[in-house]
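Below is one structure; the comments refer to it alone.
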Amino acid sequence: MDADFWIERWASNNIAFHNEEANAFLVRHVDSLGLSAGDRVFVPLCGKTRDIAWLLAQGYRVAGVELVRDAVEQLFADLGVAPARSAEGAMERFSAKGLDIFVGDIFDLSAGSAGPVDAVYDRAALVALPAEMRTRYTRRLLELAPSAPQLLVTYVYDQSLKAGPPFSIDKSEVASHYDASHDLTLLDSEPMEGGLDGACDAVREAWLITPR
Ligand SMILES: C[S@@+](CC[C@H](N)C(=O)[O-])C[C@H]1O[C@@H](n2cnc3c(N)ncnc32)[C@H](O)[C@@H]1O
């Protein structure tokens with residue numbers, strides 16, 4: 001899953017991961033993050049998720065990072081907002097009231113550029129990455145937001161029955177990334193109706209990951 005894989009997915013509109021409604025786990029469990037109005041939520045690998053509009057509507061600020069510029073153009077078009085654009089280190093920054101989206105590779109985003117983060121919301125980000133990238137990714141998140149709680153949405157299924165993405169991330173893998181420094185709470189778990197792309201049974205899970 002290199003950059004070309006995602007550029008091609010967006011260019012061919014092969015974006016079945018995109019949902020038109022806010023994620024049900026986010027809506028159900030955002031309170032577990034203990035946020036106050038105006039707090040800033042970091043959404044890694046954000047695509048054009050409608051979760052950003054939902055978070056803004058709750059009164060939070062949002063920062064995101066997304067590799068593909070066209071996805072970010074679509075995000076702002078969907079929001080009906082014209083972004084201000086500026087260079088930010090190796091990235092391009094698209095900004096509007098309460099919203100900063102960094103266009104580029106998350107591994108090129110510095111903590112200084114990303115700014116303050118009060119919580120992380122990861123949906124279809126960790127699960128989008130192959131195993132060999134995931135530890136680097138979770139370390140990056142911890143550098144960008146060392147003291148922020150995280151709401152993480154995962155899928156669990158038999159990886160031998162289907163190739164990712166999305167990849168299966170079970171409890172032991174969540175623990176391998178975070179339990180040295182964080183408390184892990186399984187907030188929710190529900191079977192996916194029709195399985196994962198009809199290929200196999202799967203369960204969606206929501207984790208709260210809190211710094212100790
Ligand atoms: C499966 S999609 C999920 C998008 C969004 N989180 C959602 O829920 O709709 C993964 C996104 O991550 C982006 N992406 C992949 N690798 C990235 C990287 N290294 N840095 C920033 N974005 C990346 C892709 O372009 C794609 O839009």
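Here's how to read the names in the structure tokens: chain A, B, ... by the order shown, residue numbers from 1 in each chain, ligand numbers from 1 in the order shown.
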
Distance query range 153-165 of chain A at most 6 Å, only C-alpha atoms, self and fewer than 2 positions along chain excluded, as a PyMOL selection string: chain A and resi 123+128+167-170+202-206

Spatial neighbours of Lys171 in chain A, max dist 9 Å, only C-alpha atoms, sep filter under 4 positions, as number ranges by chain: A: 156, 175-176, 186

Restricting it to C-alpha atoms, dump the selection as a JSON list (two decimals), in the first residue's frame.
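Output file again37.json is given in full below:
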[["chain", "number", "residue", "atom", "x", "y", "z"],
["A", 156, "VAL", "CA", -11.51, -8.41, 13.33],
["A", 175, "ALA", "CA", -2.08, -4.18, 22.84],
["A", 176, "SER", "CA", 1.21, -4.64, 20.97],
["A", 186, "LEU", "CA", -12.98, -2.31, 24.48]]

All residues having an atom within 10 Å of ligand 1 (only C-alpha atoms and all ligand atoms) as a ChimeraX atom specification: /A:1-10,15-20,22-23,43-52,64-72,102-109,121-129,133,137,153,165-166

DSSP-assigned alpha helix (DSSP H) among range 83-200 of chain A, expressed as an NGL selection string: :A and (111-114 or 131-144 or 171-178)

Which of range 141-199 of chain A DSSP labels strand (DSSP E or B), written as a VMD selection string: chain A and resid 150 to 156 168 182 to 191 196

Pro149 in chain A surroundings by only C-alpha atoms, 9 Å radius, close-in-sequence under 2 positions cut, as a list in words: Leu33, Gly34, Asp118, Ala119, Val120, Tyr121, Ala145, Pro146, Ser147, Leu151, His182, Leu208, Ile209, Thr210 and Pro211 of chain A

Shell of 9 Å around Gly98 in chain A, only C-alpha atoms, local chain residues under 2 positions omitted, as a tab-separated table (two decimals) with C-alpha atoms, in the first residue's frame:
chain	number	residue	atom	x	y	z
A	38	GLY	CA	-13.27	23.80	21.26
A	40	ARG	CA	-8.98	19.72	18.84
A	56	LEU	CA	-17.20	20.22	13.81
A	59	GLY	CA	-18.26	22.16	18.58
A	60	TYR	CA	-14.82	20.53	18.35
A	61	ARG	CA	-11.93	21.70	16.22
A	62	VAL	CA	-10.43	19.16	13.85
A	63	ALA	CA	-6.99	18.54	12.38
A	95	SER	CA	-7.60	25.56	6.60
A	96	ALA	CA	-11.04	26.85	7.46
A	100	ASP	CA	-6.77	22.22	9.45
